[in-house]
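J.: Take a look at data_32.txt, compact mmCIF, C-alpha atoms and all ligand atoms:
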```
# COMPACT_ATOMS: atom_id res chain seq x y z
CA THR A 219 -38.49 -0.70 -44.60
CA SER A 220 -35.87 -2.49 -42.58
CA SER A 221 -33.86 -3.44 -45.70
CA THR A 222 -33.13 0.21 -46.48
CA LYS A 223 -32.19 1.14 -42.91
CA PRO A 224 -28.45 1.79 -42.52
CA PRO A 225 -26.65 -0.68 -40.25
CA PRO A 226 -26.12 0.61 -36.71
CA THR A 227 -22.80 2.39 -36.18
CA PRO A 228 -20.62 0.23 -33.94
CA SER A 229 -20.01 1.95 -30.61
CA PRO A 230 -16.35 2.30 -29.55
CA LEU A 231 -17.01 -0.40 -26.98
CA ARG A 232 -18.37 -2.90 -29.50
CA PHE A 233 -15.48 -2.09 -31.80
CA SER A 234 -12.82 -2.65 -29.15
CA LYS A 235 -14.57 -5.84 -28.10
CA PHE A 236 -13.81 -7.16 -31.55
CA PHE A 237 -10.10 -7.01 -30.78
CA GLN A 238 -9.96 -8.19 -27.22
CA SER A 239 -11.79 -10.85 -25.29
CA ASN A 240 -11.34 -9.49 -21.79
CA MET A 241 -14.49 -8.85 -19.81
CA ARG A 242 -14.54 -5.34 -18.36
CA ILE A 243 -16.41 -5.28 -15.09
CA LEU A 244 -17.42 -2.24 -13.07
CA VAL A 245 -18.01 -2.76 -9.34
CA THR A 246 -19.61 0.24 -7.62
CA GLY A 247 -19.05 0.18 -3.87
CA GLY A 248 -16.13 -2.17 -4.51
CA ALA A 249 -14.11 -0.78 -1.59
CA GLY A 250 -16.79 -1.95 0.85
CA PHE A 251 -17.30 -5.22 2.68
CA ILE A 252 -19.12 -7.39 0.10
CA GLY A 253 -17.71 -5.41 -2.86
CA SER A 254 -14.07 -6.06 -1.98
CA HIS A 255 -14.67 -9.81 -1.61
CA LEU A 256 -16.45 -9.77 -4.97
CA VAL A 257 -13.45 -7.98 -6.51
CA ASP A 258 -11.08 -10.63 -5.09
CA LYS A 259 -13.13 -13.36 -6.73
CA LEU A 260 -13.50 -11.55 -10.08
CA MET A 261 -9.76 -10.80 -10.21
CA GLU A 262 -8.98 -14.54 -9.91
CA ASN A 263 -10.18 -14.87 -13.51
CA GLU A 264 -7.41 -13.63 -15.79
CA LYS A 265 -9.90 -12.63 -18.47
CA ASN A 266 -11.51 -10.06 -16.17
CA GLU A 267 -10.56 -6.40 -15.94
CA VAL A 268 -12.08 -4.80 -12.87
CA ILE A 269 -12.88 -1.12 -12.34
CA VAL A 270 -14.00 -0.07 -8.87
CA VAL A 271 -15.75 3.21 -8.18
CA ASP A 272 -16.27 4.20 -4.57
CA ASN A 273 -16.59 7.43 -2.57
CA TYR A 274 -15.10 5.76 0.56
CA PHE A 275 -18.07 6.70 2.75
CA THR A 276 -18.04 3.32 4.47
CA GLY A 277 -15.48 1.52 2.32
CA SER A 278 -11.71 1.77 2.35
CA LYS A 279 -8.76 1.44 -0.02
CA ASP A 280 -7.28 -0.93 2.53
CA ASN A 281 -9.84 -3.57 1.47
CA LEU A 282 -8.38 -3.48 -2.04
CA LYS A 283 -4.71 -2.94 -1.27
CA LYS A 284 -3.58 -6.20 -2.82
CA TRP A 285 -4.94 -5.11 -6.22
CA ILE A 286 -3.75 -1.50 -6.35
CA GLY A 287 -1.21 -1.26 -9.17
CA HIS A 288 -2.33 -4.53 -10.80
CA PRO A 289 -2.59 -4.12 -14.59
CA ARG A 290 -6.13 -5.55 -14.74
CA PHE A 291 -7.38 -3.36 -11.88
CA GLU A 292 -8.41 0.28 -11.60
CA LEU A 293 -9.74 2.23 -8.62
CA ILE A 294 -11.65 5.50 -9.08
CA ARG A 295 -12.81 7.84 -6.31
CA HIS A 296 -16.28 8.73 -7.52
CA ASP A 297 -19.74 9.30 -6.12
CA VAL A 298 -22.42 7.39 -8.07
CA THR A 299 -24.88 10.25 -7.63
CA GLU A 300 -22.77 12.00 -10.31
CA PRO A 301 -22.75 10.76 -13.93
CA LEU A 302 -19.98 8.31 -14.82
CA LEU A 303 -18.44 7.65 -18.22
CA VAL A 304 -16.59 4.35 -18.55
CA GLU A 305 -16.74 1.54 -21.09
CA VAL A 306 -17.64 -1.79 -19.51
CA ASP A 307 -19.44 -5.06 -20.25
CA GLN A 308 -20.89 -5.75 -16.81
CA ILE A 309 -21.85 -3.59 -13.82
CA TYR A 310 -22.17 -4.91 -10.28
CA HIS A 311 -23.95 -2.00 -8.59
CA LEU A 312 -23.34 -2.23 -4.83
CA ALA A 313 -22.65 1.40 -3.88
CA CYS A 314 -24.82 2.22 -0.85
CA PRO A 315 -24.14 2.16 2.88
CA ALA A 316 -25.61 -1.04 4.32
CA SER A 317 -25.36 -0.63 8.07
CA PRO A 318 -28.33 1.13 9.71
CA ILE A 319 -26.13 3.58 11.63
CA PHE A 320 -24.45 4.70 8.41
CA TYR A 321 -27.50 4.81 6.17
CA LYS A 322 -29.43 6.77 8.82
CA TYR A 323 -26.51 9.20 9.35
CA ASN A 324 -27.40 11.20 6.20
CA PRO A 325 -30.73 9.78 5.03
CA VAL A 326 -31.16 12.23 2.15
CA LYS A 327 -27.77 11.17 0.80
CA THR A 328 -28.78 7.50 1.20
CA ILE A 329 -31.91 7.91 -0.89
CA LYS A 330 -29.99 9.92 -3.50
CA THR A 331 -27.43 7.14 -3.69
CA ASN A 332 -30.16 4.57 -4.21
CA VAL A 333 -32.26 6.54 -6.67
CA ILE A 334 -29.90 8.87 -8.59
CA GLY A 335 -26.97 6.47 -8.24
CA THR A 336 -28.97 3.58 -9.70
CA LEU A 337 -30.40 5.83 -12.44
CA ASN A 338 -26.87 6.85 -13.46
CA MET A 339 -25.66 3.25 -13.54
CA LEU A 340 -28.68 2.31 -15.67
CA GLY A 341 -27.98 5.24 -18.01
CA LEU A 342 -24.42 3.96 -18.28
CA ALA A 343 -25.60 0.38 -18.87
CA LYS A 344 -27.91 1.66 -21.61
CA ARG A 345 -25.21 3.70 -23.34
CA VAL A 346 -22.62 0.92 -23.44
CA GLY A 347 -24.96 -2.10 -23.62
CA ALA A 348 -23.73 -3.57 -20.33
CA ARG A 349 -25.54 -6.08 -18.13
CA ILE A 350 -26.23 -4.62 -14.69
CA LEU A 351 -26.76 -6.35 -11.33
CA LEU A 352 -28.30 -4.48 -8.38
CA THR A 353 -27.65 -5.59 -4.82
CA SER A 354 -31.08 -5.04 -3.36
CA THR A 355 -31.96 -6.19 0.10
CA SER A 356 -34.27 -8.26 2.27
CA GLU A 357 -35.27 -4.87 3.73
CA VAL A 358 -37.63 -4.51 0.74
CA TYR A 359 -39.85 -6.97 2.65
CA GLY A 360 -39.94 -4.52 5.59
CA ASP A 361 -41.36 -6.08 8.76
CA PRO A 362 -42.58 -9.14 6.86
CA LEU A 363 -46.00 -10.62 7.43
CA ILE A 364 -45.13 -13.87 5.67
CA HIS A 365 -42.34 -16.13 6.82
CA PRO A 366 -39.94 -17.19 5.36
CA GLN A 367 -39.89 -14.50 2.66
CA THR A 368 -40.37 -15.50 -0.98
CA GLU A 369 -39.61 -13.19 -3.91
CA SER A 370 -43.32 -12.91 -4.73
CA TYR A 371 -44.05 -11.19 -1.38
CA TRP A 372 -44.52 -7.42 -1.84
CA GLY A 373 -43.44 -6.48 1.65
CA ASN A 374 -44.62 -4.47 4.61
CA VAL A 375 -42.58 -1.27 4.59
CA ASN A 376 -43.09 1.99 6.47
CA PRO A 377 -42.72 4.69 3.79
CA ILE A 378 -41.96 7.51 6.27
CA GLY A 379 -39.86 5.80 8.93
CA VAL A 380 -36.18 6.23 9.78
CA ARG A 381 -35.23 3.14 7.73
CA SER A 382 -37.21 4.27 4.66
CA CYS A 383 -34.28 6.07 3.02
CA TYR A 384 -32.73 2.63 2.69
CA ASP A 385 -35.62 0.22 2.17
CA GLU A 386 -37.82 2.50 0.06
CA GLY A 387 -34.64 3.65 -1.73
CA LYS A 388 -33.89 0.05 -2.69
CA ARG A 389 -37.49 -0.50 -3.74
CA VAL A 390 -37.27 2.47 -6.14
CA ALA A 391 -33.92 1.15 -7.36
CA GLU A 392 -35.63 -2.18 -8.20
CA THR A 393 -38.41 -0.29 -9.99
CA LEU A 394 -35.89 1.66 -12.05
CA MET A 395 -34.11 -1.58 -12.98
CA PHE A 396 -37.34 -3.14 -14.28
CA ASP A 397 -38.43 0.04 -16.09
CA TYR A 398 -35.08 0.28 -17.90
CA HIS A 399 -35.40 -3.42 -18.72
CA ARG A 400 -38.92 -3.08 -20.12
CA GLN A 401 -38.49 0.33 -21.76
CA HIS A 402 -34.91 0.12 -23.04
CA GLY A 403 -34.20 -3.61 -23.14
CA ILE A 404 -31.35 -3.38 -20.61
CA GLU A 405 -30.15 -6.75 -19.28
CA ILE A 406 -30.79 -6.64 -15.55
CA ARG A 407 -30.16 -8.86 -12.52
CA ILE A 408 -31.56 -8.19 -9.04
CA ALA A 409 -30.25 -9.91 -5.93
CA ARG A 410 -32.15 -9.51 -2.66
CA ILE A 411 -29.35 -9.92 -0.18
CA PHE A 412 -30.09 -11.11 3.37
CA ASN A 413 -27.80 -10.28 6.33
CA THR A 414 -24.23 -11.05 5.37
CA TYR A 415 -21.18 -11.26 7.62
CA GLY A 416 -17.48 -12.02 7.38
CA PRO A 417 -13.95 -10.59 7.46
CA ARG A 418 -13.53 -6.86 6.56
CA MET A 419 -16.82 -5.70 8.05
CA ASN A 420 -16.25 -2.32 9.68
CA ILE A 421 -15.40 -3.08 13.30
CA ASP A 422 -17.65 -0.35 14.68
CA ASP A 423 -20.30 -0.32 11.99
CA GLY A 424 -23.10 -1.21 14.38
CA ARG A 425 -24.35 -4.36 12.71
CA VAL A 426 -25.09 -7.17 15.04
CA VAL A 427 -22.44 -9.76 14.10
CA SER A 428 -19.61 -7.21 13.99
CA ASN A 429 -20.80 -5.68 17.28
CA PHE A 430 -20.96 -9.00 19.11
CA ILE A 431 -17.58 -10.22 17.85
CA ALA A 432 -15.82 -6.94 18.66
CA GLN A 433 -17.50 -6.84 22.07
CA ALA A 434 -16.54 -10.45 22.83
CA ILE A 435 -12.91 -9.82 21.88
CA ARG A 436 -12.76 -6.57 23.90
CA ASN A 437 -14.43 -8.34 26.82
CA GLU A 438 -17.35 -5.90 26.77
CA ALA A 439 -20.96 -6.98 27.34
CA LEU A 440 -22.79 -8.20 24.19
CA THR A 441 -25.58 -5.69 23.53
CA VAL A 442 -28.77 -7.56 22.60
CA GLN A 443 -31.40 -5.05 21.50
CA ALA A 444 -34.79 -5.74 23.05
CA PRO A 445 -36.65 -8.01 22.93
CA GLY A 446 -33.87 -10.33 21.64
CA THR A 447 -36.46 -12.70 20.16
CA GLN A 448 -36.27 -10.96 16.76
CA THR A 449 -34.63 -13.20 14.18
CA ARG A 450 -32.14 -12.87 11.35
CA SER A 451 -30.46 -15.36 8.99
CA PHE A 452 -26.75 -14.85 8.40
CA CYS A 453 -24.86 -15.65 5.20
CA PHE A 454 -21.07 -15.88 5.08
CA VAL A 455 -19.58 -13.48 2.55
CA SER A 456 -17.89 -16.07 0.29
CA ASP A 457 -21.25 -17.81 -0.21
CA MET A 458 -22.81 -14.41 -1.01
CA VAL A 459 -20.17 -13.60 -3.63
CA ASP A 460 -20.68 -17.01 -5.31
CA GLY A 461 -24.42 -16.34 -5.48
CA LEU A 462 -23.96 -12.86 -6.98
CA ILE A 463 -21.60 -14.12 -9.70
CA ARG A 464 -23.94 -17.00 -10.57
CA LEU A 465 -26.82 -14.55 -10.84
CA MET A 466 -24.84 -12.20 -13.10
CA GLU A 467 -23.73 -15.07 -15.35
CA GLY A 468 -27.15 -16.78 -15.48
CA GLU A 469 -30.24 -16.02 -17.55
CA ASN A 470 -32.72 -14.98 -14.87
CA THR A 471 -33.39 -11.28 -14.15
CA GLY A 472 -34.48 -11.97 -10.57
CA PRO A 473 -35.30 -10.68 -8.08
CA ILE A 474 -33.69 -13.64 -6.35
CA ASN A 475 -33.15 -14.02 -2.61
CA ILE A 476 -29.54 -14.72 -1.74
CA GLY A 477 -29.01 -15.58 1.88
CA ASN A 478 -28.59 -18.37 4.38
CA PRO A 479 -31.89 -19.80 5.67
CA GLY A 480 -30.39 -20.73 9.07
CA GLU A 481 -32.49 -18.52 11.37
CA PHE A 482 -31.42 -17.31 14.83
CA THR A 483 -32.86 -15.03 17.48
CA MET A 484 -30.47 -12.26 18.55
CA LEU A 485 -30.25 -13.90 21.98
CA GLU A 486 -29.22 -17.18 20.33
CA LEU A 487 -26.62 -15.33 18.29
CA ALA A 488 -25.24 -13.71 21.45
CA GLU A 489 -25.08 -17.11 23.19
CA THR A 490 -23.27 -18.62 20.21
CA VAL A 491 -20.69 -15.80 20.04
CA LYS A 492 -20.20 -16.08 23.80
CA GLU A 493 -19.65 -19.83 23.62
CA LEU A 494 -17.26 -19.69 20.64
CA ILE A 495 -15.27 -16.54 21.45
CA ASN A 496 -15.47 -15.58 25.11
CA PRO A 497 -17.41 -17.81 27.53
CA GLY A 498 -16.85 -15.27 30.33
CA VAL A 499 -18.49 -12.34 28.58
CA GLU A 500 -21.75 -10.81 29.83
CA ILE A 501 -24.90 -10.46 27.70
CA LYS A 502 -27.01 -7.37 28.39
CA MET A 503 -30.35 -6.20 27.00
CA VAL A 504 -30.40 -2.67 25.57
CA GLU A 505 -33.03 -0.48 23.92
CA ASN A 506 -33.92 -1.18 20.27
CA THR A 507 -34.28 1.24 17.35
CA PRO A 508 -37.65 2.00 15.62
CA ASP A 509 -39.13 -0.26 12.93
CA ASP A 510 -36.80 -3.17 13.64
CA PRO A 511 -38.10 -6.15 11.61
CA ARG A 512 -39.19 -8.92 13.98
CA GLN A 513 -38.28 -11.85 11.80
CA ARG A 514 -36.30 -12.48 8.66
CA LYS A 515 -35.43 -15.69 6.82
CA PRO A 516 -34.98 -16.19 3.09
CA ASP A 517 -36.87 -18.77 1.11
CA ILE A 518 -34.08 -19.77 -1.30
CA THR A 519 -36.04 -22.25 -3.43
CA LYS A 520 -35.64 -19.96 -6.45
CA ALA A 521 -31.87 -19.53 -6.01
CA LYS A 522 -31.51 -23.32 -5.76
CA GLU A 523 -33.60 -23.94 -8.87
CA VAL A 524 -32.47 -21.08 -11.07
CA LEU A 525 -28.84 -20.64 -10.00
CA GLY A 526 -28.04 -24.07 -8.58
CA TRP A 527 -26.83 -22.12 -5.55
CA GLU A 528 -27.09 -22.65 -1.84
CA PRO A 529 -24.87 -21.46 1.02
CA LYS A 530 -22.20 -23.84 2.29
CA ILE A 531 -20.87 -22.15 5.42
CA LYS A 532 -22.77 -22.56 8.68
CA LEU A 533 -22.81 -19.73 11.23
CA ARG A 534 -20.67 -21.75 13.66
CA ASP A 535 -18.00 -22.19 10.99
CA GLY A 536 -18.14 -18.62 9.71
CA LEU A 537 -17.93 -16.81 13.06
CA PRO A 538 -14.38 -18.06 13.86
CA LEU A 539 -13.17 -16.90 10.40
CA MET A 540 -14.48 -13.43 11.18
CA GLU A 541 -13.05 -13.53 14.71
CA GLU A 542 -9.57 -14.19 13.28
CA ASP A 543 -9.79 -11.07 11.07
CA PHE A 544 -11.16 -8.92 13.91
CA ARG A 545 -8.37 -10.03 16.29
CA VAL A 546 -5.74 -8.99 13.76
CA ARG A 547 -7.37 -5.60 13.15
CA LEU A 548 -8.02 -4.97 16.85
CA GLY A 549 -4.47 -6.01 17.70
CA VAL A 550 -5.72 -8.58 20.24
CA SER A 551 -4.42 -12.13 19.87
P1 LIG A 601 -20.51 -1.37 2.75
O1 LIG A 601 -21.01 -0.16 3.45
O2 LIG A 601 -19.33 -2.08 3.32
O3 LIG A 601 -20.20 -1.06 1.23
C1 LIG A 601 -20.83 -0.07 0.48
C2 LIG A 601 -19.78 0.65 -0.35
O4 LIG A 601 -20.42 1.65 -1.14
C3 LIG A 601 -18.73 1.37 0.50
O5 LIG A 601 -17.44 1.10 0.01
C4 LIG A 601 -19.11 2.85 0.36
O6 LIG A 601 -18.00 3.70 0.52
C5 LIG A 601 -19.69 2.85 -1.05
N1 LIG A 601 -20.62 3.96 -1.28
C6 LIG A 601 -21.66 4.37 -0.52
N2 LIG A 601 -22.29 5.42 -1.09
C7 LIG A 601 -21.65 5.66 -2.27
C8 LIG A 601 -21.82 6.62 -3.29
N3 LIG A 601 -22.79 7.54 -3.24
N4 LIG A 601 -20.96 6.59 -4.36
C9 LIG A 601 -19.96 5.68 -4.42
N5 LIG A 601 -19.75 4.76 -3.47
C10 LIG A 601 -20.59 4.75 -2.40
O7 LIG A 601 -21.76 -2.36 2.65
P2 LIG A 601 -21.85 -3.87 2.17
O8 LIG A 601 -22.30 -4.67 3.33
O9 LIG A 601 -20.65 -4.29 1.44
O10 LIG A 601 -23.08 -3.76 1.16
C11 LIG A 601 -22.92 -3.75 -0.24
C12 LIG A 601 -24.27 -3.75 -0.92
O11 LIG A 601 -25.03 -4.88 -0.52
C13 LIG A 601 -25.13 -2.52 -0.59
O12 LIG A 601 -25.80 -2.12 -1.76
C14 LIG A 601 -26.11 -3.04 0.41
O13 LIG A 601 -27.31 -2.32 0.37
C15 LIG A 601 -26.29 -4.48 -0.03
N6 LIG A 601 -26.73 -5.33 1.07
C16 LIG A 601 -25.85 -5.69 2.06
C17 LIG A 601 -26.30 -6.49 3.12
C18 LIG A 601 -25.38 -6.94 4.21
O14 LIG A 601 -25.81 -7.64 5.11
N7 LIG A 601 -24.12 -6.60 4.20
C19 LIG A 601 -27.63 -6.89 3.16
C20 LIG A 601 -28.49 -6.48 2.15
C21 LIG A 601 -28.03 -5.72 1.10
N1 LIG A 602 -25.43 8.48 -17.40
C1 LIG A 602 -24.19 8.20 -16.88
N2 LIG A 602 -23.27 7.61 -17.69
C2 LIG A 602 -23.53 7.27 -18.98
C3 LIG A 602 -24.81 7.54 -19.49
C4 LIG A 602 -25.74 8.14 -18.68
O1 LIG A 602 -23.89 8.49 -15.71
O2 LIG A 602 -22.64 6.73 -19.63
C5 LIG A 602 -26.44 9.12 -16.53
C6 LIG A 602 -27.00 10.39 -17.15
O3 LIG A 602 -26.26 11.50 -16.68
C7 LIG A 602 -28.44 10.41 -16.67
C8 LIG A 602 -28.74 8.98 -16.24
O4 LIG A 602 -27.54 8.25 -16.41
O5 LIG A 602 -28.56 11.24 -15.53
C9 LIG A 602 -29.84 8.35 -17.06
O6 LIG A 602 -29.43 8.33 -18.38
P1 LIG A 602 -30.44 8.11 -19.58
O7 LIG A 602 -29.68 8.20 -20.84
O8 LIG A 602 -31.22 6.86 -19.36
O9 LIG A 602 -31.48 9.28 -19.38
P2 LIG A 602 -31.43 10.81 -19.78
O10 LIG A 602 -29.99 11.23 -19.84
O11 LIG A 602 -32.10 10.85 -21.08
O12 LIG A 602 -32.18 11.45 -18.68
N1 LIG A 603 -28.89 -5.86 17.14
C1 LIG A 603 -28.57 -6.22 18.44
N2 LIG A 603 -27.43 -5.71 19.00
C2 LIG A 603 -26.59 -4.88 18.32
C3 LIG A 603 -26.92 -4.52 16.98
C4 LIG A 603 -28.08 -5.03 16.43
O1 LIG A 603 -29.29 -6.97 19.08
O2 LIG A 603 -25.57 -4.48 18.91
C5 LIG A 603 -30.11 -6.44 16.52
C6 LIG A 603 -31.04 -5.44 15.85
O3 LIG A 603 -32.01 -4.96 16.77
C7 LIG A 603 -31.68 -6.29 14.77
C8 LIG A 603 -30.63 -7.32 14.43
O4 LIG A 603 -29.68 -7.28 15.49
O5 LIG A 603 -32.81 -6.94 15.28
C9 LIG A 603 -29.92 -7.08 13.11
O6 LIG A 603 -29.45 -5.74 13.10
P1 LIG A 603 -28.40 -5.22 12.05
O7 LIG A 603 -28.23 -3.76 12.32
O8 LIG A 603 -27.19 -6.07 12.08
O9 LIG A 603 -29.06 -5.48 10.62
P2 LIG A 603 -30.54 -5.26 10.03
O10 LIG A 603 -30.98 -6.63 9.69
O11 LIG A 603 -31.41 -4.62 11.06
O12 LIG A 603 -30.30 -4.40 8.86
```
Is it possible to give me this structure as structure tokens?
Ligand code: NAD
Ligand code: UDP
Ligand code: UDP

T.:
Amino acid sequence: TSSTKPPPTPSPLRFSKFFQSNMRILVTGGAGFIGSHLVDKLMENEKNEVIVVDNYFTGSKDNLKKWIGHPRFELIRHDVTEPLLVEVDQIYHLACPASPIFYKYNPVKTIKTNVIGTLNMLGLAKRVGARILLTSTSEVYGDPLIHPQTESYWGNVNPIGVRSCYDEGKRVAETLMFDYHRQHGIEIRIARIFNTYGPRMNIDDGRVVSNFIAQAIRNEALTVQAPGTQTRSFCFVSDMVDGLIRLMEGENTGPINIGNPGEFTMLELAETVKELINPGVEIKMVENTPDDPRQRKPDITKAKEVLGWEPKIKLRDGLPLMEEDFRVRLGVS
């Protein structure tokens, strides 16, 4: 009977927790665009110790340079497809290339990162009793047949297309999260992130906002991929980071859409960048890539209700903040 069962042996983590109240937080992919902004925010809290693991595929130490050497910060070069042994209380699992040109560059590696990488982080979460948050994506909705997208929509995804390594990879990652939750009682959080932009995006990473801003600054034509009527909804990175932290700290497992519902066609985006950054620049239509979703806009009712979160920064206010950063990095004032 339960009264004769020996008490569970305290794990080293639980034991050390008894002596110190710091929260140890692992951020995978923390040298990347969203990850490094998340690290900045987490480091503001003096009770947080942050460990970043990253293989630097698309991220860079430069994004974290202000924290290197800080006593509450640690940076580890590590690939999440390999097992990882650390002792932490929370895991923000972001490691995965997010830009189509990078995730299509080595698709087998992308799906391994999503599947084996997430499995390893769940195994880690299970061993140490950590809460784990996955940054999933609006791509799980594929080319959506309902608009705007709610979390209850199961999506319209091509399982064998060139984007599948990413969107099917994230769908499996979500499945793994829920199976570990149901089977092992792991505390999980799933964010479905919609297109996010802001300072520190890779200048040549091929995503639309970074392309248009770099092109406008370099006085090169803005490349709108045909037909230009496809839509996206763009969230500024500081709003995204606030949403992710609220989700981690809250009680709801998700999945929860985190994004900005302001929806624009790619032609409208090009016109806006042109007006704000370089009124003289040309806009040209170029060929698109396969399986490009035709429309995308988050329904954020759940985030509002459950997290008390909604984005604050409008596209017109966010673009100039990103322009400033790009001008510095491109050396063009
Ligand atoms: P990013 O490419 O800037 O960052 C990803 C980071 O993960 C990089 O630092 C990269 O080096 C690292 N990484 C990749 N594979 C790894 C591996 N196998 N092991 C260890 N590290 C690895 O992308 P981001 O925009 O910051 O995206 C972060 C997360 O958010 C990703 O999981 C992405 O799928 C998700 N997301 C982003 C967006 C967006 O618009 N930016 C939209 C939806 C979802
Ligand atoms: N794992 C890890 N760090 C840990 C614990 C586990 O990287 O601290 C990896 C482990 O190598 C395995 C995966 O997580 O590949 C899943 O672990 P789990 O214990 O759930 O499954 P099992 O090892 O029984 O397959
Ligand atoms: N796009 C564009 N010009 C570019 C890059 C992208 O018009 O230089 C379009 C692309 O066809 C897609 C949208 O912008 O419809 C968003 O693409 P991105 O690669 O930024 O992100 P996605 O939402 O497809 O992951």

J.: May I ask you to write as a short mmCIF file (atom, residue, chain, number, x, y, z; two decimals) with C-alpha atoms, in the frame of the given file all residues lying at most 7 Å from ligand LIG 603 (chain A), with only C-alpha atoms and all ligand atoms counted?

T.:
```
data_model
loop_
_atom_site.label_atom_id
_atom_site.label_comp_id
_atom_site.auth_asym_id
_atom_site.auth_seq_id
_atom_site.Cartn_x
_atom_site.Cartn_y
_atom_site.Cartn_z
CA SER A 317 -25.36 -0.63 8.07
CA PRO A 318 -28.33 1.13 9.71
CA ASN A 413 -27.80 -10.28 6.33
CA GLY A 424 -23.10 -1.21 14.38
CA ARG A 425 -24.35 -4.36 12.71
CA VAL A 426 -25.09 -7.17 15.04
CA VAL A 427 -22.44 -9.76 14.10
CA ASN A 429 -20.80 -5.68 17.28
CA PHE A 430 -20.96 -9.00 19.11
CA THR A 441 -25.58 -5.69 23.53
CA VAL A 442 -28.77 -7.56 22.60
CA GLN A 443 -31.40 -5.05 21.50
CA ALA A 444 -34.79 -5.74 23.05
CA GLY A 446 -33.87 -10.33 21.64
CA GLN A 448 -36.27 -10.96 16.76
CA THR A 449 -34.63 -13.20 14.18
CA ARG A 450 -32.14 -12.87 11.35
CA MET A 484 -30.47 -12.26 18.55
CA ASN A 506 -33.92 -1.18 20.27
CA THR A 507 -34.28 1.24 17.35
CA ASP A 510 -36.80 -3.17 13.64
CA PRO A 511 -38.10 -6.15 11.61
CA ARG A 512 -39.19 -8.92 13.98
#
```

J.: Could you state the separation of CA of Val245 in chain A and atom O3 of ligand LIG 602 (chain A) in Å, given to one decimal place?

T.: 18.0 Å

J.: Show me which residues line ligand LIG 601 (chain A), defined as having an atom within 7 Å of a ligand atom where all atoms listed in the file count, and present them as a PyMOL selection string.

T.: chain A and resi 246-253+271-278+296-299+312-317+331+335+353-356+410-415+419

J.: 9 Å from ligand LIG 602 (chain A) is the threshold here; counting only C-alpha atoms and all ligand atoms, which polymer residues fall inside it? Answer as a list in words.

T.: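 Those residues are Val298, Thr299, Glu300, Pro301, Leu302, Leu303, Val304, Glu305, Ile334, Gly335, Thr336, Leu337, Asn338, Met339, Leu340, Gly341, Leu342, Ala343, Lys344, Arg345, Val346, Tyr398 and His402 of chain A.
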
J.: Pick out the closest residue to Phe544 in chain A from this set: A:Leu485, A:Ile476, A:Ile435, A:Val380. Count all atoms listed in the file.

T.: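 Distance minimum relative to Phe544 in chain A lands on A:Ile435.
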
J.: Tell me, as a count of residues only, which residues lie within 9 Å of range 383-389 of chain A, counting all atoms listed in the file; anything in the same chain fewer than 4 positions away does not count.

T.: 30

J.: Calculate how many Å separate CA of Pro366 in chain A from CA of Glu523 in chain A, rounding to one decimal.

T.: 17.0 Å

J.: Nearest to Glu486 in chain A: which of A:Leu440, A:Ile474, A:Asp517, A:Asp307 is it, counting only C-alpha atoms?

T.: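 When distances to Glu486 in chain A are compared using only C-alpha atoms, the smallest one comes from A:Leu440.
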
J.: For each of A:Ile269, A:Leu244, A:Ala391, A:Ile309, take the minimum atom-to-atom distance to Pro289 in chain A, counting only C-alpha atoms, then give the residue where this is smallest.

T.: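 Checking each of A:Ile269, A:Leu244, A:Ala391, A:Ile309 against Pro289 in chain A, counting only C-alpha atoms, the winner is A:Ile269.
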
J.: Just give me the gap between CA of His399 in chain A and CA of Glu469 in chain A in Å, one decimal is fine.

T.: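 Rounded to one decimal, the two atoms are 13.7 Å apart.
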
J.: Which residues, written as a list in words, have at least one atom at most 9 Å from Glu542 in chain A, with only C-alpha atoms counted and residues fewer than 4 positions away on the same chain left out?

T.: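 Listed by chain and then number, they are Pro417, Leu537, Pro538, Val546, Arg547 and Ser551 of chain A.
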
J.: Just C-alpha atoms for this one: save the residues we selected as an mmCIF file, in the frame of the given file.

T.:
```cif
data_model
loop_
_atom_site.group_PDB
_atom_site.id
_atom_site.type_symbol
_atom_site.label_atom_id
_atom_site.label_comp_id
_atom_site.auth_asym_id
_atom_site.auth_seq_id
_atom_site.Cartn_x
_atom_site.Cartn_y
_atom_site.Cartn_z
ATOM 1 C CA PRO A 417 -13.950 -10.590 7.460
ATOM 2 C CA LEU A 537 -17.930 -16.810 13.060
ATOM 3 C CA PRO A 538 -14.380 -18.060 13.860
ATOM 4 C CA VAL A 546 -5.740 -8.990 13.760
ATOM 5 C CA ARG A 547 -7.370 -5.600 13.150
ATOM 6 C CA SER A 551 -4.420 -12.130 19.870
#
```

J.: Please list as a compact mmCIF listing (two decimals) with C-alpha atoms, in the frame of the given file every residue within 9 Å of Arg464 in chain A, counting all atoms listed in the file and excluding residues in the same chain fewer than 6 positions away.

T.:
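Generated output (result.txt):
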```
# COMPACT_ATOMS: atom_id res chain seq x y z
CA LEU A 525 -28.84 -20.64 -10.00
CA GLY A 526 -28.04 -24.07 -8.58
CA TRP A 527 -26.83 -22.12 -5.55
```

J.: When you count only C-alpha atoms, which of these residues is closest to Lys515 in chain A: A:Leu260, A:Ala348, A:Leu293, A:Ile364?

T.: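 Answer, going by the shortest atom-to-atom distance: A:Ile364.
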
J.: With all atoms listed in the file as the basis for distance, which of A:Glu267, A:Gly287, A:Gly373, A:Leu465 is at the shortest distance from Leu352 in chain A?

T.: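 That would be A:Leu465, the residue with the smallest distance to Leu352 in chain A.
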
J.: So that I can check the surroundings of His255 in chain A, please list as a PyMOL selection string every protein, DNA and RNA residue that reaches within 8 Å of it, counting all atoms listed in the file and ignoring chain neighbours fewer than 5 positions away.

T.: chain A and resi 455-456+459
